[in-house]
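Written below as structure tokens is the structure these notes are about.
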Amino acid sequence: MAREKFHLVHSSAVPVHIENVDTDQIIPARFLKATTRDGFGENLFRDWRYDSNNQPIADFVLNNPRYSGDILVSGKNFGCGSSREHAAWAITDYGFKVVVSSFFADIFKNNALNNGLLPVQVSDEFLAHIFSAIEADHQTTFTVNLETQTFTIDATGASFNFEINSYKKECMLNGYDDIDYLLNMKDKIAKFEQSRA
Amino acid sequence: MAGKTIFDKIWDAHVVEQIEDGPSVVYIDQHLIHEVTSPQAFAGLDARGLKVFRTNRTVATPDHNVPTIDQDKPIRDELSRFQVDKLTENCQKHGVTLYGLNHPYQGIVHVVGPQLGITQPGMTIVCGDSHTSTHGAFGSVAFGIGTSEVEMVLATQCLMQSKAKRMRITVDGELGEGVGAKDIILYIISKITASGGTGYFVEYAGSAFRNLSMEGRMTVCNMSIEMGARGGLIAPDETTFEYIRGREFAPKGADFDAAVAKWRELYTDADAVFDAELHFDAADIEPMITYGTNPGMGIKITANVPALNEIEESNRTSFAKSLDYMGLVPGERLLGKTVDYVFVGSCTNGRIEDLRAVAEFVKGKQKADNITAWIVPGSKQVEKQAQEEGLVAIFEAAGFQLRQPGCSACLGMNEDKIPKGKYAVSTSNRNFEGRQGPGARTMLASPITAAAVAVTGKIVDPRDFN
């Protein structure tokens with residue numbers, strides 16, 4: 001089933017300036033009891049966002065109206081830990097289209113790509129520039145161009161060329177799912193099975 | 001041409017198609033599913049009007065969400081009950097084998113697979129759970145996947161995956177008294193950090209692993225993901241073959257001998273090249289414990305929490321945040337610190353050998369008054385075995401609460417949560433913030449260390465009891 005195609009993203013960003021953000025922080029296990037993919041955004045970063053009385057914690061960035069946008073920026077080793085795809089669902093359901101970090105955990109990266117959420121890996125140095133730019137002006141904007149594989153800090157024009165394999169890039173640009181590809185090769189898979197028997 | 005690693009041999013034999021400048025289409029021999037990461041995948045199949053492609057390669061059991069008391073009664077939590085019922089419904093509809101609650105084979109997927117002989121050398125094994133790496137202990141390529149990928153495997157028995165880089169971690173030498181598999185892996189992660197293995201598939205080599213039982217090897221491979229690795233494996237040997245022999249779904253008779261002959265080919269060629277090689281000396285490893293909020297934040301139990309100047313400057317903010325959450329200060333000594341909970345269980349340390357080790361330690365002793373001690377067997381089979389071997393009687397006499405099989409307090413999805421601010425010494429795999437319940441403070445350790453903490457009520461070196 002076709003997904004939404006990934007277009008150019010031009011937006012301000014939300015900084016979660018923390019390293020090793022694990023998927024238990026992105027969406028705690030007690031919220032994984034749903035049997036659909038919807039509604040996880042309201043519990044994104046639940047225990048950093050709300051206290052034990054379900055009151056918003058004022059100094060967490062998602063509760064700060066100064067910050068908004070389609071881009072989530074976070075410290076290195078983002079998405080480590082559990083394989084729960086609910087983490088990617090929570091981030092997209094909240095409204096983010098791009099996650100930027102200087103390092104992503106493998107399973108999270110796959111899960112993001114399978115949900116049309118673009119993981120953009122930049123250098124530690126460039127990540128620091130992004131955080132500084134947001135600190136200087138919380139409404140500062142960025143441009144994410146998947147076609148040219150560039151992430152640009154609009155205010156300074158500084159740009160980073162990020163990597164993505166060409167197959168995944170095509171999938172994102174065209175809204176293709178891996179599963180469509182696999183379903184089209186079922187005969188080949190059956191032949192493979194016979195060849196091993 | 002350079003030789004191949006075990007990982008290469010298994011991977012290459014399962015590539016159905018290589019996409020140019022893209023991932024490989026990899027055939028999956030065994031798919032394990034559970035209630036939490038599968039409902040949306042089945043819904044996806046239904047939306048496309050598809051059936052499960054190879055039901056004989058799919059096995060299901062509920063584990064993450066199940067209560068660990070009164071399993072014979074309907075699940076009280078409505079959402080949990082709905083999710084577990086959904087698994088039953090999906091399995092019935094698609095003809096997938098299910099070991100449901102109260103089935104003698106139910107348990108944590110990563111305990112069930114090996115125990116039934118479903119897990120075998122040379123296989124590709126996936127599950128919507130990051131600790132699928134556990135099965136690598138048998139010399140298989142096993143790794144966790146997301147729900148979209150669960151759907152792909154249900155629909156086609158294949159996955160799109162980029163091949164990981166190869167890392168070999170060699171630990172040679174003799175382990176000291178009171179030091180076990182859990183200490184080895186916590187030690188390795190403390191050295192290479194929680195992201196040091198990202199992008200790699202690890203092979204564990206050397207006498208320290210060779211001398212481990214299958215249970216110990218599973219503990220090691222289980223935590224490969226905690227250093228970010230895609231998976232980890234150990235070359236199969238006589239220990240592996242003897243473990244598999246006679247198990248329910250293992251090949252029998254001449255078929256078993258033929259299988260063993262094939263499994264013996266699963267070794268890394270002498271001239272194979274790894275992208276990264278690490279060496280450690282077993283003699284340097286001591287009982288370990290974690291003090292922070294990722295599994296890389298581990299120290300020897302006799303050591304102090306690092307002082308601020310021992311931490312790289314760029315990591316100091318995260319370090320401080322972590323210690324603040326844990327209620328610890330830099331340089332603090334952990335020995336003697338009061339603990340509130342002890343949890344023995346999980347896919348890391350919920351196997352019969354783990355329960356035996358704890359029982360041997362606590363036999364004739366009593367848990368400390370300030371401790372709540374939970375023992376949660378990894379499966380119904382482990383529970384039964386523990387009863388038959390008299391371990392249950394020992395636990396009960398020592399004041400431990402024996403619960404029924406499931407993931408339990410490892411991730412606190414069911415009622416088994418550590419209260420806010422309380423310290424738990426846990427045999428599980430993750431000490432993330434809130435992992436065992438909102439505000440819970442987790443310290444990861446081996447079963448023997450957990451047992452020693454349970455009887456003294458505080459952090460203690462298990463070697464002091466010898």
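In the structure tokens, the first chain shown is A, the next is B, and so on; residue numbers restart at 1 for each chain, and ligands run from 1 in the order shown.
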Go through chain B and flag each residue having an atom no more than 6 Å from chain A; for those, report the closest pair of atoms plus their distance in Å to one decimal, using only C-alpha atoms, ordered by chain and rising number, as a tab-separated table.
residue	atom	partner	partner_atom	distance
B:Gly22	CA	A:Tyr167	CA	5.0
B:Pro39	CA	A:Thr35	CA	5.3
B:Gln40	CA	A:Thr36	CA	5.5
B:Leu79	CA	A:Lys33	CA	5.9
B:Asp129	CA	A:Ser83	CA	5.5
B:Ser130	CA	A:Ser83	CA	4.9
B:Ile145	CA	A:Ser83	CA	6.0
B:Gly146	CA	A:Glu85	CA	5.0
B:Thr147	CA	A:Glu85	CA	5.8
B:Met152	CA	A:Ile179	CA	5.5
B:Met413	CA	A:Arg30	CA	4.7
Please give the complete set of residues from region 201-326 of chain B that DSSP, run on the backbone, assigns to strand (DSSP E), formatted as a compact mmCIF listing (two decimals) with N, CA, C and O atoms, in the first residue's frame.
# COMPACT_ATOMS: atom_id res chain seq x y z
N PHE B 201 27.41 -6.99 13.54
CA PHE B 201 26.95 -8.28 14.05
C PHE B 201 28.18 -8.89 14.73
O PHE B 201 29.25 -8.95 14.12
N VAL B 202 28.03 -9.29 15.97
CA VAL B 202 29.18 -9.69 16.78
C VAL B 202 29.33 -11.22 16.82
O VAL B 202 28.34 -11.94 16.95
N GLU B 203 30.57 -11.67 16.71
CA GLU B 203 30.86 -13.07 17.05
C GLU B 203 31.67 -13.07 18.34
O GLU B 203 32.68 -12.36 18.46
N TYR B 204 31.19 -13.82 19.34
CA TYR B 204 31.92 -13.95 20.59
C TYR B 204 32.81 -15.19 20.49
O TYR B 204 32.31 -16.29 20.19
N ALA B 205 34.09 -15.00 20.72
CA ALA B 205 35.03 -16.11 20.58
C ALA B 205 35.96 -16.16 21.78
O ALA B 205 36.07 -15.20 22.54
N GLY B 231 23.15 -8.11 16.37
CA GLY B 231 23.00 -9.43 16.98
C GLY B 231 24.37 -9.91 17.41
O GLY B 231 25.38 -9.22 17.20
N GLY B 232 24.39 -11.08 18.04
CA GLY B 232 25.66 -11.67 18.44
C GLY B 232 25.54 -13.17 18.37
O GLY B 232 24.44 -13.70 18.58
N LEU B 233 26.63 -13.84 18.03
CA LEU B 233 26.55 -15.30 17.96
C LEU B 233 27.82 -15.95 18.48
O LEU B 233 28.86 -15.29 18.62
N ALA B 276 36.00 -5.20 12.76
CA ALA B 276 36.51 -4.74 14.06
C ALA B 276 36.82 -5.96 14.92
O ALA B 276 36.09 -6.95 14.89
N GLU B 277 37.90 -5.90 15.67
CA GLU B 277 38.29 -6.99 16.58
C GLU B 277 38.60 -6.43 17.95
O GLU B 277 39.35 -5.45 18.07
N LEU B 278 38.04 -7.03 18.97
CA LEU B 278 38.32 -6.60 20.34
C LEU B 278 38.75 -7.80 21.16
O LEU B 278 38.24 -8.92 20.96
N HIS B 279 39.67 -7.58 22.07
CA HIS B 279 40.15 -8.66 22.94
C HIS B 279 40.06 -8.23 24.40
O HIS B 279 40.42 -7.11 24.73
N PHE B 280 39.60 -9.15 25.22
CA PHE B 280 39.59 -8.89 26.66
C PHE B 280 40.13 -10.13 27.37
O PHE B 280 40.08 -11.25 26.84
N ASP B 281 40.60 -9.90 28.60
CA ASP B 281 41.16 -10.98 29.39
C ASP B 281 40.14 -11.35 30.48
O ASP B 281 39.73 -10.48 31.27
N MET B 288 29.87 -7.57 38.27
CA MET B 288 29.57 -6.23 37.76
C MET B 288 28.20 -5.76 38.25
O MET B 288 27.33 -6.56 38.58
N ILE B 289 28.02 -4.46 38.24
CA ILE B 289 26.71 -3.87 38.53
C ILE B 289 26.62 -2.54 37.77
O ILE B 289 27.65 -1.92 37.51
N THR B 290 25.42 -2.15 37.39
CA THR B 290 25.29 -0.86 36.73
C THR B 290 24.84 0.19 37.74
O THR B 290 24.13 -0.12 38.70
N GLY B 298 28.29 0.51 33.66
CA GLY B 298 28.52 -0.58 34.61
C GLY B 298 29.91 -0.48 35.22
O GLY B 298 30.84 0.04 34.60
N ILE B 299 30.03 -0.97 36.44
CA ILE B 299 31.34 -0.99 37.13
C ILE B 299 31.49 -2.30 37.89
O ILE B 299 30.51 -3.01 38.12
N LYS B 300 32.72 -2.59 38.29
CA LYS B 300 32.92 -3.70 39.22
C LYS B 300 32.16 -3.38 40.49
O LYS B 300 32.15 -2.21 40.92
Legend entry - Selected residue of minimal separation from Val376 (chain B) among B:Ala2, B:Ile108, B:Ala250, B:Ala357, counting only C-alpha atoms: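 Once distances to Val376 (chain B) are computed over only C-alpha atoms, the minimum belongs to B:Ile108.
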Inset, instruction - Pull the alpha helix (DSSP H) assignments for chain A out of DSSP run on the backbone, and list those residues as a VMD selection string. - result: chain A and resid 23 to 26 46 to 49 86 to 94 106 to 113 124 to 136 166 to 174 178 to 183 186 to 196
Any chance you can output those residues with C-alpha atoms as a short mmCIF file (atom, residue, chain, number, x, y, z; two decimals), in the first residue's frame?
data_model
loop_
_atom_site.label_atom_id
_atom_site.label_comp_id
_atom_site.auth_asym_id
_atom_site.auth_seq_id
_atom_site.Cartn_x
_atom_site.Cartn_y
_atom_site.Cartn_z
CA THR A 23 12.81 3.81 22.91
CA ASP A 24 11.54 3.35 26.48
CA GLN A 25 11.78 7.17 26.82
CA ILE A 26 10.22 7.76 23.41
CA ARG A 46 5.56 10.58 28.29
CA ASP A 47 7.67 10.49 31.45
CA TRP A 48 9.73 13.51 30.49
CA ARG A 49 6.64 15.38 29.38
CA HIS A 86 5.70 2.24 18.44
CA ALA A 87 8.60 4.68 18.93
CA ALA A 88 8.52 5.64 15.25
CA TRP A 89 4.71 5.70 15.33
CA ALA A 90 4.74 8.04 18.35
CA ILE A 91 7.13 10.44 16.63
CA THR A 92 5.19 10.53 13.34
CA ASP A 93 1.83 10.65 15.12
CA TYR A 94 3.04 13.70 17.04
CA ASP A 106 19.95 0.30 13.75
CA ILE A 107 16.47 -1.04 14.43
CA PHE A 108 15.05 2.41 15.06
CA LYS A 109 16.48 3.63 11.76
CA ASN A 110 14.74 0.80 9.87
CA ASN A 111 11.49 1.40 11.72
CA ALA A 112 11.62 5.12 10.93
CA LEU A 113 12.21 4.50 7.23
CA ASP A 124 28.71 15.58 15.98
CA GLU A 125 30.06 18.96 14.93
CA PHE A 126 27.16 19.77 12.60
CA LEU A 127 24.69 18.60 15.25
CA ALA A 128 26.25 21.10 17.65
CA HIS A 129 25.72 23.82 15.01
CA ILE A 130 22.06 22.87 14.72
CA PHE A 131 21.56 23.03 18.48
CA SER A 132 23.34 26.42 18.58
CA ALA A 133 21.20 27.76 15.77
CA ILE A 134 18.01 26.78 17.62
CA GLU A 135 19.36 28.22 20.85
CA ALA A 136 20.09 31.53 19.11
CA SER A 166 19.51 4.65 -3.03
CA TYR A 167 16.86 1.95 -2.64
CA LYS A 168 15.51 3.47 0.59
CA LYS A 169 15.69 6.92 -0.93
CA GLU A 170 13.54 5.86 -3.87
CA CYS A 171 11.06 4.25 -1.47
CA MET A 172 10.78 7.45 0.58
CA LEU A 173 10.50 9.73 -2.47
CA ASN A 174 7.87 7.57 -4.10
CA ASP A 178 9.26 -2.83 1.29
CA ILE A 179 6.34 -5.19 1.59
CA ASP A 180 5.11 -4.34 -1.91
CA TYR A 181 8.53 -5.23 -3.26
CA LEU A 182 8.58 -8.53 -1.38
CA LEU A 183 5.04 -9.49 -2.34
CA LYS A 186 6.83 -14.48 -3.93
CA ASP A 187 7.53 -16.87 -6.80
CA LYS A 188 11.22 -16.25 -6.49
CA ILE A 189 10.99 -16.84 -2.74
CA ALA A 190 9.18 -20.14 -3.31
CA LYS A 191 11.90 -21.19 -5.80
CA PHE A 192 14.54 -20.25 -3.24
CA GLU A 193 12.83 -22.53 -0.73
CA GLN A 194 12.82 -25.41 -3.21
CA SER A 195 16.50 -24.90 -4.00
CA ARG A 196 17.36 -25.38 -0.32
#
Inset, instruction - Please indicate the distance in Å from CA of Tyr27 (chain B) to CA of His14 (chain B), rounded to one decimal place. - result: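 Result for CA of Tyr27 (chain B) versus CA of His14 (chain B): 5.1 Å, one decimal.
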Inset, instruction - Could you please determine the separation between CA of Ile185 (chain B) and CA of Thr239 (chain B) in Å, to one decimal place? - result: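 Calculated distance between CA of Ile185 (chain B) and CA of Thr239 (chain B) is 19.6 Å.
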Legend entry - Among the residues A:Asp137, A:Phe151, A:Gln121, A:Val144, the one that comes closest to Glu163 (chain A) [using only C-alpha atoms]: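 Ranking A:Asp137, A:Phe151, A:Gln121, A:Val144 by distance to Glu163 (chain A), first place goes to A:Gln121.
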